[in-house]
$ cat run_27.pdb   # PDB, N, CA and C atoms and all ligand atoms
MODEL        1
ATOM      1  N   MET U 160     -13.607  -0.795   3.430  1.00  0.00           N
ATOM      2  CA  MET U 160     -13.961  -1.162   2.052  1.00  0.00           C
ATOM      3  C   MET U 160     -12.690  -1.476   1.262  1.00  0.00           C
ATOM      4  N   ILE U 161     -12.742  -2.572   0.511  1.00  0.00           N
ATOM      5  CA  ILE U 161     -11.595  -2.909  -0.340  1.00  0.00           C
ATOM      6  C   ILE U 161     -11.660  -2.087  -1.635  1.00  0.00           C
ATOM      7  N   VAL U 162     -10.609  -1.390  -1.931  1.00  0.00           N
ATOM      8  CA  VAL U 162     -10.536  -0.589  -3.156  1.00  0.00           C
ATOM      9  C   VAL U 162      -9.925  -1.430  -4.285  1.00  0.00           C
ATOM     10  N   CYS U 163      -8.802  -2.036  -3.998  1.00  0.00           N
ATOM     11  CA  CYS U 163      -8.110  -2.864  -5.001  1.00  0.00           C
ATOM     12  C   CYS U 163      -8.191  -4.330  -4.582  1.00  0.00           C
ATOM     13  N   VAL U 164      -9.080  -5.062  -5.244  1.00  0.00           N
ATOM     14  CA  VAL U 164      -9.295  -6.470  -4.909  1.00  0.00           C
ATOM     15  C   VAL U 164      -8.057  -7.295  -5.262  1.00  0.00           C
ATOM     16  N   CYS U 165      -7.459  -6.995  -6.390  1.00  0.00           N
ATOM     17  CA  CYS U 165      -6.299  -7.774  -6.846  1.00  0.00           C
ATOM     18  C   CYS U 165      -5.166  -7.782  -5.818  1.00  0.00           C
ATOM     19  N   ASN U 166      -4.954  -6.632  -5.193  1.00  0.00           N
ATOM     20  CA  ASN U 166      -3.821  -6.518  -4.268  1.00  0.00           C
ATOM     21  C   ASN U 166      -4.254  -6.308  -2.822  1.00  0.00           C
ATOM     22  N   ASN U 167      -5.566  -6.533  -2.560  1.00  0.00           N
ATOM     23  CA  ASN U 167      -6.107  -6.439  -1.209  1.00  0.00           C
ATOM     24  C   ASN U 167      -5.746  -5.122  -0.514  1.00  0.00           C
ATOM     25  N   VAL U 168      -6.054  -4.027  -1.193  1.00  0.00           N
ATOM     26  CA  VAL U 168      -5.774  -2.701  -0.623  1.00  0.00           C
ATOM     27  C   VAL U 168      -7.098  -2.045  -0.244  1.00  0.00           C
ATOM     28  N   SER U 169      -7.226  -1.725   1.020  1.00  0.00           N
ATOM     29  CA  SER U 169      -8.465  -1.118   1.521  1.00  0.00           C
ATOM     30  C   SER U 169      -8.395   0.411   1.469  1.00  0.00           C
ATOM     31  N   GLU U 170      -9.577   1.018   1.608  1.00  0.00           N
ATOM     32  CA  GLU U 170      -9.638   2.482   1.692  1.00  0.00           C
ATOM     33  C   GLU U 170      -8.804   2.955   2.883  1.00  0.00           C
ATOM     34  N   ARG U 171      -8.887   2.218   3.980  1.00  0.00           N
ATOM     35  CA  ARG U 171      -8.133   2.582   5.196  1.00  0.00           C
ATOM     36  C   ARG U 171      -6.623   2.590   4.932  1.00  0.00           C
ATOM     37  N   LYS U 172      -6.163   1.568   4.182  1.00  0.00           N
ATOM     38  CA  LYS U 172      -4.731   1.482   3.867  1.00  0.00           C
ATOM     39  C   LYS U 172      -4.289   2.703   3.067  1.00  0.00           C
ATOM     40  N   ILE U 173      -5.136   3.126   2.126  1.00  0.00           N
ATOM     41  CA  ILE U 173      -4.804   4.299   1.310  1.00  0.00           C
ATOM     42  C   ILE U 173      -4.775   5.543   2.184  1.00  0.00           C
ATOM     43  N   ARG U 174      -5.760   5.664   3.075  1.00  0.00           N
ATOM     44  CA  ARG U 174      -5.792   6.843   3.966  1.00  0.00           C
ATOM     45  C   ARG U 174      -4.561   6.884   4.868  1.00  0.00           C
ATOM     46  N   LEU U 175      -4.142   5.724   5.365  1.00  0.00           N
ATOM     47  CA  LEU U 175      -2.940   5.679   6.203  1.00  0.00           C
ATOM     48  C   LEU U 175      -1.697   6.072   5.397  1.00  0.00           C
ATOM     49  N   ALA U 176      -1.657   5.627   4.140  1.00  0.00           N
ATOM     50  CA  ALA U 176      -0.516   5.970   3.279  1.00  0.00           C
ATOM     51  C   ALA U 176      -0.470   7.476   3.029  1.00  0.00           C
ATOM     52  N   VAL U 177      -1.641   8.086   2.827  1.00  0.00           N
ATOM     53  CA  VAL U 177      -1.695   9.537   2.632  1.00  0.00           C
ATOM     54  C   VAL U 177      -1.268  10.248   3.913  1.00  0.00           C
ATOM     55  N   ASP U 178      -1.726   9.738   5.045  1.00  0.00           N
ATOM     56  CA  ASP U 178      -1.320  10.321   6.334  1.00  0.00           C
ATOM     57  C   ASP U 178       0.198  10.273   6.500  1.00  0.00           C
ATOM     58  N   SER U 179       0.832   9.233   5.926  1.00  0.00           N
ATOM     59  CA  SER U 179       2.287   9.105   6.087  1.00  0.00           C
ATOM     60  C   SER U 179       3.050   9.896   5.021  1.00  0.00           C
ATOM     61  N   GLY U 180       2.319  10.604   4.137  1.00  0.00           N
ATOM     62  CA  GLY U 180       3.000  11.521   3.226  1.00  0.00           C
ATOM     63  C   GLY U 180       2.838  11.284   1.737  1.00  0.00           C
ATOM     64  N   LEU U 181       2.164  10.185   1.337  1.00  0.00           N
ATOM     65  CA  LEU U 181       1.998   9.944  -0.099  1.00  0.00           C
ATOM     66  C   LEU U 181       0.951  10.905  -0.667  1.00  0.00           C
ATOM     67  N   THR U 182       1.193  11.385  -1.894  1.00  0.00           N
ATOM     68  CA  THR U 182       0.280  12.392  -2.452  1.00  0.00           C
ATOM     69  C   THR U 182      -0.171  12.100  -3.883  1.00  0.00           C
ATOM     70  N   SER U 183       0.276  11.005  -4.479  1.00  0.00           N
ATOM     71  CA  SER U 183      -0.078  10.761  -5.883  1.00  0.00           C
ATOM     72  C   SER U 183      -0.390   9.295  -6.133  1.00  0.00           C
ATOM     73  N   MET U 184      -1.058   9.039  -7.266  1.00  0.00           N
ATOM     74  CA  MET U 184      -1.351   7.658  -7.658  1.00  0.00           C
ATOM     75  C   MET U 184      -0.059   6.886  -7.919  1.00  0.00           C
ATOM     76  N   VAL U 185       0.928   7.555  -8.455  1.00  0.00           N
ATOM     77  CA  VAL U 185       2.212   6.879  -8.727  1.00  0.00           C
ATOM     78  C   VAL U 185       2.822   6.377  -7.414  1.00  0.00           C
ATOM     79  N   GLU U 186       2.770   7.232  -6.398  1.00  0.00           N
ATOM     80  CA  GLU U 186       3.322   6.827  -5.097  1.00  0.00           C
ATOM     81  C   GLU U 186       2.503   5.700  -4.484  1.00  0.00           C
ATOM     82  N   LEU U 187       1.171   5.777  -4.630  1.00  0.00           N
ATOM     83  CA  LEU U 187       0.315   4.698  -4.098  1.00  0.00           C
ATOM     84  C   LEU U 187       0.618   3.383  -4.813  1.00  0.00           C
ATOM     85  N   ARG U 188       0.816   3.470  -6.114  1.00  0.00           N
ATOM     86  CA  ARG U 188       1.129   2.265  -6.883  1.00  0.00           C
ATOM     87  C   ARG U 188       2.462   1.671  -6.429  1.00  0.00           C
ATOM     88  N   ASP U 189       3.454   2.531  -6.284  1.00  0.00           N
ATOM     89  CA  ASP U 189       4.776   2.037  -5.880  1.00  0.00           C
ATOM     90  C   ASP U 189       4.757   1.460  -4.467  1.00  0.00           C
ATOM     91  N   GLU U 190       4.000   2.082  -3.582  1.00  0.00           N
ATOM     92  CA  GLU U 190       4.001   1.679  -2.176  1.00  0.00           C
ATOM     93  C   GLU U 190       3.052   0.504  -1.897  1.00  0.00           C
ATOM     94  N   LEU U 191       1.819   0.574  -2.457  1.00  0.00           N
ATOM     95  CA  LEU U 191       0.795  -0.423  -2.126  1.00  0.00           C
ATOM     96  C   LEU U 191       0.437  -1.349  -3.291  1.00  0.00           C
ATOM     97  N   GLU U 192       0.967  -1.059  -4.464  1.00  0.00           N
ATOM     98  CA  GLU U 192       0.672  -1.823  -5.684  1.00  0.00           C
ATOM     99  C   GLU U 192      -0.776  -1.665  -6.137  1.00  0.00           C
ATOM    100  N   VAL U 193      -1.407  -0.550  -5.754  1.00  0.00           N
ATOM    101  CA  VAL U 193      -2.779  -0.274  -6.201  1.00  0.00           C
ATOM    102  C   VAL U 193      -2.803  -0.156  -7.722  1.00  0.00           C
ATOM    103  N   GLY U 194      -3.700  -0.895  -8.352  1.00  0.00           N
ATOM    104  CA  GLY U 194      -3.899  -0.757  -9.794  1.00  0.00           C
ATOM    105  C   GLY U 194      -2.843  -1.424 -10.655  1.00  0.00           C
ATOM    106  N   THR U 195      -2.020  -2.269 -10.089  1.00  0.00           N
ATOM    107  CA  THR U 195      -0.940  -2.862 -10.883  1.00  0.00           C
ATOM    108  C   THR U 195      -1.343  -4.166 -11.573  1.00  0.00           C
ATOM    109  N   CYS U 196      -2.590  -4.618 -11.328  1.00  0.00           N
ATOM    110  CA  CYS U 196      -3.010  -5.883 -11.956  1.00  0.00           C
ATOM    111  C   CYS U 196      -4.044  -5.617 -13.055  1.00  0.00           C
ATOM    112  N   CYS U 197      -5.340  -5.666 -12.716  1.00  0.00           N
ATOM    113  CA  CYS U 197      -6.370  -5.466 -13.757  1.00  0.00           C
ATOM    114  C   CYS U 197      -6.621  -3.990 -14.060  1.00  0.00           C
ATOM    115  N   GLY U 198      -6.344  -3.129 -13.081  1.00  0.00           N
ATOM    116  CA  GLY U 198      -6.508  -1.689 -13.287  1.00  0.00           C
ATOM    117  C   GLY U 198      -7.907  -1.151 -13.055  1.00  0.00           C
ATOM    118  N   LYS U 199      -8.862  -2.029 -12.723  1.00  0.00           N
ATOM    119  CA  LYS U 199     -10.251  -1.597 -12.556  1.00  0.00           C
ATOM    120  C   LYS U 199     -10.450  -0.680 -11.354  1.00  0.00           C
ATOM    121  N   CYS U 200      -9.524  -0.693 -10.429  1.00  0.00           N
ATOM    122  CA  CYS U 200      -9.662   0.090  -9.198  1.00  0.00           C
ATOM    123  C   CYS U 200      -9.144   1.521  -9.358  1.00  0.00           C
ATOM    124  N   HIS U 201      -8.583   1.840 -10.487  1.00  0.00           N
ATOM    125  CA  HIS U 201      -7.891   3.126 -10.640  1.00  0.00           C
ATOM    126  C   HIS U 201      -8.773   4.322 -10.281  1.00  0.00           C
ATOM    127  N   ALA U 202      -9.982   4.381 -10.829  1.00  0.00           N
ATOM    128  CA  ALA U 202     -10.854   5.532 -10.580  1.00  0.00           C
ATOM    129  C   ALA U 202     -11.243   5.622  -9.115  1.00  0.00           C
ATOM    130  N   CYS U 203     -11.544   4.487  -8.510  1.00  0.00           N
ATOM    131  CA  CYS U 203     -11.936   4.467  -7.106  1.00  0.00           C
ATOM    132  C   CYS U 203     -10.751   4.874  -6.221  1.00  0.00           C
ATOM    133  N   ALA U 204      -9.573   4.333  -6.519  1.00  0.00           N
ATOM    134  CA  ALA U 204      -8.382   4.666  -5.742  1.00  0.00           C
ATOM    135  C   ALA U 204      -8.069   6.160  -5.848  1.00  0.00           C
ATOM    136  N   LYS U 205      -8.264   6.707  -7.034  1.00  0.00           N
ATOM    137  CA  LYS U 205      -8.005   8.128  -7.253  1.00  0.00           C
ATOM    138  C   LYS U 205      -8.973   8.974  -6.411  1.00  0.00           C
ATOM    139  N   ARG U 206     -10.227   8.553  -6.360  1.00  0.00           N
ATOM    140  CA  ARG U 206     -11.221   9.273  -5.566  1.00  0.00           C
ATOM    141  C   ARG U 206     -10.856   9.228  -4.076  1.00  0.00           C
ATOM    142  N   VAL U 207     -10.461   8.052  -3.596  1.00  0.00           N
ATOM    143  CA  VAL U 207     -10.073   7.920  -2.183  1.00  0.00           C
ATOM    144  C   VAL U 207      -8.849   8.785  -1.894  1.00  0.00           C
ATOM    145  N   LEU U 208      -7.902   8.786  -2.825  1.00  0.00           N
ATOM    146  CA  LEU U 208      -6.713   9.618  -2.658  1.00  0.00           C
ATOM    147  C   LEU U 208      -7.104  11.093  -2.559  1.00  0.00           C
ATOM    148  N   ARG U 209      -7.954  11.546  -3.486  1.00  0.00           N
ATOM    149  CA  ARG U 209      -8.382  12.948  -3.503  1.00  0.00           C
ATOM    150  C   ARG U 209      -9.114  13.320  -2.204  1.00  0.00           C
ATOM    151  N   GLU U 210     -10.005  12.437  -1.760  1.00  0.00           N
ATOM    152  CA  GLU U 210     -10.746  12.701  -0.523  1.00  0.00           C
ATOM    153  C   GLU U 210      -9.806  12.729   0.686  1.00  0.00           C
ATOM    154  N   SER U 211      -8.856  11.804   0.693  1.00  0.00           N
ATOM    155  CA  SER U 211      -7.910  11.744   1.818  1.00  0.00           C
ATOM    156  C   SER U 211      -7.067  13.008   1.888  1.00  0.00           C
ATOM    157  N   LEU U 212      -6.619  13.483   0.736  1.00  0.00           N
ATOM    158  CA  LEU U 212      -5.813  14.708   0.711  1.00  0.00           C
ATOM    159  C   LEU U 212      -6.659  15.907   1.138  1.00  0.00           C
ATOM    160  N   ALA U 213      -7.925  15.924   0.739  1.00  0.00           N
ATOM    161  CA  ALA U 213      -8.816  17.034   1.091  1.00  0.00           C
ATOM    162  C   ALA U 213      -9.117  17.053   2.581  1.00  0.00           C
ATOM    163  N   ASP U 214      -9.108  15.874   3.209  1.00  0.00           N
ATOM    164  CA  ASP U 214      -9.421  15.771   4.634  1.00  0.00           C
ATOM    165  C   ASP U 214      -8.255  16.188   5.528  1.00  0.00           C
ATOM    166  N   MET U 215      -7.100  16.388   4.931  1.00  0.00           N
ATOM    167  CA  MET U 215      -5.914  16.697   5.763  1.00  0.00           C
ATOM    168  C   MET U 215      -5.906  18.143   6.234  1.00  0.00           C
TER     169      MET U 215
HETATM  170 FE1  LIG T   1      -6.804  -3.060  -8.431  1.00  0.00          FE
HETATM  171 FE2  LIG T   1      -7.303  -5.104 -10.040  1.00  0.00          FE
HETATM  172  S1  LIG T   1      -8.597  -4.244  -8.566  1.00  0.00           S
HETATM  173  S2  LIG T   1      -5.541  -3.885  -9.968  1.00  0.00           S
ENDMDL
END
$ encode --input "run_27.pdb" --output "structure tokens"
Amino acid sequence: MIVCVCNNVSERKIRLAVDSGLTSMVELRDELEVGTCCGKCHACAKRVLRESLADM
């Protein structure tokens, strides 16, 4: 599933980033550019981040 349409970031990409050590929205933004355009994906990206961290 695509989370951030503007920057073509999928849920899988976010999960892989969390697996590699990222733990915050700031880090996801810096690494994958999630939410850096229209910002509509912020809530969804945050949920995926939270779920990914919980699954670890
Ligand atoms: Fe993520 Fe627009 S959908 S910045």
$ residues_near_ligand --input "run_27.pdb" --ligand "ligand LIG 1 (chain T)" --cutoff "8 Å" --atoms "only N, CA and C atoms and all ligand atoms" --output "MDAnalysis selection string"
chainID U and resid 161:168 192:201
$ atom_distance --input "run_27.pdb" --atom1 "atom N of Ser183 of chain U" --atom2 "atom C of Met160 of chain U"
18.9 Å
$ select_by_dssp --input "run_27.pdb" --residues "chain U" --states "helix (DSSP H, G or I)" --output "PyMOL selection string"
chain U and resi 170-178+184-191+201-213
$ select_by_dssp --input "run_27.pdb" --residues "segment 161-214 of chain U" --states "strand (DSSP E or B)" --output "list of chain:residue names"
U:Ile161, U:Val162, U:Cys163, U:Val168, U:Ser169
$ atom_distance --input "run_27.pdb" --atom1 "atom CA of Ser179 of chain U" --atom2 "atom C of Met215 of chain U"
12.2 Å
$ residues_around --input "run_27.pdb" --residues "segment 206-210 of chain U" --least-positions-apart "3" --cutoff "8 Å" --atoms "only C-alpha atoms" --output "PyMOL selection string"
chain U and resi 170+173-174+177+182-184+202-203+213-214
$ axis_aligned_box --input "run_27.pdb" --around "segment 166-177 of chain U" --padding-each-side "3 Å" --output "JSON"
{"center_x": -5.1, "center_y": 1.8, "center_z": 0.5, "size_x": 15.2, "size_y": 22.9, "size_z": 17.4}
$ decode --input "run_27.pdb" --residues "segment 171-187 of chain U" --atoms "all heavy atoms" --output "mmCIF file, in the first residue's frame"
data_model
loop_
_atom_site.group_PDB
_atom_site.id
_atom_site.type_symbol
_atom_site.label_atom_id
_atom_site.label_comp_id
_atom_site.auth_asym_id
_atom_site.auth_seq_id
_atom_site.Cartn_x
_atom_site.Cartn_y
_atom_site.Cartn_z
ATOM 1 N N ARG U 171 5.553 -0.824 3.061
ATOM 2 C CA ARG U 171 6.714 -1.735 3.130
ATOM 3 C C ARG U 171 8.021 -0.956 3.312
ATOM 4 O O ARG U 171 8.889 -1.340 4.095
ATOM 5 C CB ARG U 171 6.765 -2.586 1.856
ATOM 6 C CG ARG U 171 7.856 -3.618 1.878
ATOM 7 C CD ARG U 171 7.691 -4.634 0.760
ATOM 8 N NE ARG U 171 8.705 -5.665 0.878
ATOM 9 C CZ ARG U 171 9.925 -5.533 0.387
ATOM 10 N NH1 ARG U 171 10.266 -4.448 -0.278
ATOM 11 N NH2 ARG U 171 10.819 -6.497 0.553
ATOM 12 N N LYS U 172 8.136 0.162 2.568
ATOM 13 C CA LYS U 172 9.348 0.984 2.669
ATOM 14 C C LYS U 172 9.514 1.516 4.088
ATOM 15 O O LYS U 172 10.626 1.571 4.630
ATOM 16 C CB LYS U 172 9.249 2.165 1.694
ATOM 17 C CG LYS U 172 10.344 2.215 0.664
ATOM 18 C CD LYS U 172 10.191 3.477 -0.156
ATOM 19 C CE LYS U 172 10.760 3.273 -1.539
ATOM 20 N NZ LYS U 172 10.587 4.448 -2.396
ATOM 21 N N ILE U 173 8.398 1.929 4.694
ATOM 22 C CA ILE U 173 8.453 2.448 6.065
ATOM 23 C C ILE U 173 8.847 1.334 7.021
ATOM 24 O O ILE U 173 9.692 1.524 7.905
ATOM 25 C CB ILE U 173 7.098 3.075 6.469
ATOM 26 C CG1 ILE U 173 6.850 4.330 5.641
ATOM 27 C CG2 ILE U 173 7.072 3.398 7.971
ATOM 28 C CD1 ILE U 173 5.507 4.994 5.871
ATOM 29 N N ARG U 174 8.262 0.152 6.828
ATOM 30 C CA ARG U 174 8.603 -0.981 7.714
ATOM 31 C C ARG U 174 10.079 -1.350 7.591
ATOM 32 O O ARG U 174 10.750 -1.654 8.582
ATOM 33 C CB ARG U 174 7.717 -2.194 7.397
ATOM 34 C CG ARG U 174 6.298 -2.004 7.898
ATOM 35 C CD ARG U 174 5.444 -3.239 7.753
ATOM 36 N NE ARG U 174 4.147 -3.050 8.385
ATOM 37 C CZ ARG U 174 3.895 -3.324 9.661
ATOM 38 N NH1 ARG U 174 4.837 -3.815 10.443
ATOM 39 N NH2 ARG U 174 2.700 -3.108 10.163
ATOM 40 N N LEU U 175 10.606 -1.318 6.370
ATOM 41 C CA LEU U 175 12.029 -1.616 6.180
ATOM 42 C C LEU U 175 12.904 -0.559 6.862
ATOM 43 O O LEU U 175 13.939 -0.882 7.452
ATOM 44 C CB LEU U 175 12.364 -1.684 4.683
ATOM 45 C CG LEU U 175 11.842 -2.920 3.951
ATOM 46 C CD1 LEU U 175 12.077 -2.788 2.446
ATOM 47 C CD2 LEU U 175 12.517 -4.192 4.469
ATOM 48 N N ALA U 176 12.466 0.698 6.781
ATOM 49 C CA ALA U 176 13.224 1.781 7.422
ATOM 50 C C ALA U 176 13.233 1.600 8.939
ATOM 51 O O ALA U 176 14.259 1.817 9.596
ATOM 52 C CB ALA U 176 12.614 3.136 7.051
ATOM 53 N N VAL U 177 12.094 1.186 9.500
ATOM 54 C CA VAL U 177 12.028 0.936 10.942
ATOM 55 C C VAL U 177 12.921 -0.248 11.304
ATOM 56 O O VAL U 177 13.648 -0.207 12.301
ATOM 57 C CB VAL U 177 10.566 0.695 11.396
ATOM 58 C CG1 VAL U 177 10.512 0.220 12.843
ATOM 59 C CG2 VAL U 177 9.762 1.977 11.231
ATOM 60 N N ASP U 178 12.889 -1.278 10.473
ATOM 61 C CA ASP U 178 13.761 -2.441 10.709
ATOM 62 C C ASP U 178 15.231 -2.026 10.721
ATOM 63 O O ASP U 178 16.055 -2.609 11.424
ATOM 64 C CB ASP U 178 13.562 -3.508 9.627
ATOM 65 C CG ASP U 178 12.288 -4.304 9.847
ATOM 66 O OD1 ASP U 178 11.703 -4.202 10.943
ATOM 67 O OD2 ASP U 178 11.872 -5.016 8.920
ATOM 68 N N SER U 179 15.572 -0.997 9.923
ATOM 69 C CA SER U 179 16.978 -0.578 9.855
ATOM 70 C C SER U 179 17.328 0.426 10.957
ATOM 71 O O SER U 179 18.449 0.930 11.006
ATOM 72 C CB SER U 179 17.294 0.003 8.479
ATOM 73 O OG SER U 179 16.718 1.271 8.335
ATOM 74 N N GLY U 180 16.351 0.751 11.827
ATOM 75 C CA GLY U 180 16.687 1.552 13.002
ATOM 76 C C GLY U 180 15.982 2.884 13.170
ATOM 77 O O GLY U 180 16.168 3.564 14.175
ATOM 78 N N LEU U 181 15.167 3.303 12.179
ATOM 79 C CA LEU U 181 14.478 4.588 12.329
ATOM 80 C C LEU U 181 13.334 4.446 13.334
ATOM 81 O O LEU U 181 12.663 3.424 13.366
ATOM 82 C CB LEU U 181 13.929 5.074 10.988
ATOM 83 C CG LEU U 181 14.937 5.265 9.862
ATOM 84 C CD1 LEU U 181 14.306 6.031 8.723
ATOM 85 C CD2 LEU U 181 16.183 5.973 10.329
ATOM 86 N N THR U 182 13.129 5.492 14.147
ATOM 87 C CA THR U 182 12.114 5.379 15.203
ATOM 88 C C THR U 182 11.160 6.570 15.283
ATOM 89 O O THR U 182 10.285 6.590 16.141
ATOM 90 C CB THR U 182 12.792 5.236 16.585
ATOM 91 O OG1 THR U 182 13.612 6.384 16.799
ATOM 92 C CG2 THR U 182 13.627 3.976 16.673
ATOM 93 N N SER U 183 11.316 7.567 14.426
ATOM 94 C CA SER U 183 10.464 8.756 14.550
ATOM 95 C C SER U 183 10.026 9.274 13.191
ATOM 96 O O SER U 183 10.626 8.952 12.150
ATOM 97 C CB SER U 183 11.221 9.868 15.278
ATOM 98 O OG SER U 183 12.257 10.357 14.441
ATOM 99 N N MET U 184 8.981 10.112 13.208
ATOM 100 C CA MET U 184 8.512 10.740 11.970
ATOM 101 C C MET U 184 9.588 11.654 11.388
ATOM 102 O O MET U 184 9.705 11.762 10.172
ATOM 103 C CB MET U 184 7.235 11.542 12.246
ATOM 104 C CG MET U 184 5.989 10.695 12.399
ATOM 105 S SD MET U 184 5.625 9.723 10.919
ATOM 106 C CE MET U 184 5.212 11.036 9.760
ATOM 107 N N VAL U 185 10.336 12.301 12.244
ATOM 108 C CA VAL U 185 11.404 13.196 11.757
ATOM 109 C C VAL U 185 12.433 12.388 10.958
ATOM 110 O O VAL U 185 12.863 12.792 9.875
ATOM 111 C CB VAL U 185 12.094 13.924 12.938
ATOM 112 C CG1 VAL U 185 13.316 14.684 12.467
ATOM 113 C CG2 VAL U 185 11.111 14.865 13.600
ATOM 114 N N GLU U 186 12.788 11.227 11.498
ATOM 115 C CA GLU U 186 13.762 10.382 10.792
ATOM 116 C C GLU U 186 13.182 9.854 9.487
ATOM 117 O O GLU U 186 13.881 9.787 8.469
ATOM 118 C CB GLU U 186 14.189 9.223 11.696
ATOM 119 C CG GLU U 186 15.064 9.673 12.837
ATOM 120 C CD GLU U 186 15.378 8.561 13.821
ATOM 121 O OE1 GLU U 186 14.537 7.645 13.998
ATOM 122 O OE2 GLU U 186 16.457 8.599 14.410
ATOM 123 N N LEU U 187 11.893 9.481 9.510
ATOM 124 C CA LEU U 187 11.250 8.999 8.271
ATOM 125 C C LEU U 187 11.220 10.111 7.225
ATOM 126 O O LEU U 187 11.436 9.868 6.042
ATOM 127 C CB LEU U 187 9.821 8.522 8.545
ATOM 128 C CG LEU U 187 9.651 7.156 9.205
ATOM 129 C CD1 LEU U 187 8.171 6.841 9.348
ATOM 130 C CD2 LEU U 187 10.336 6.063 8.397
#
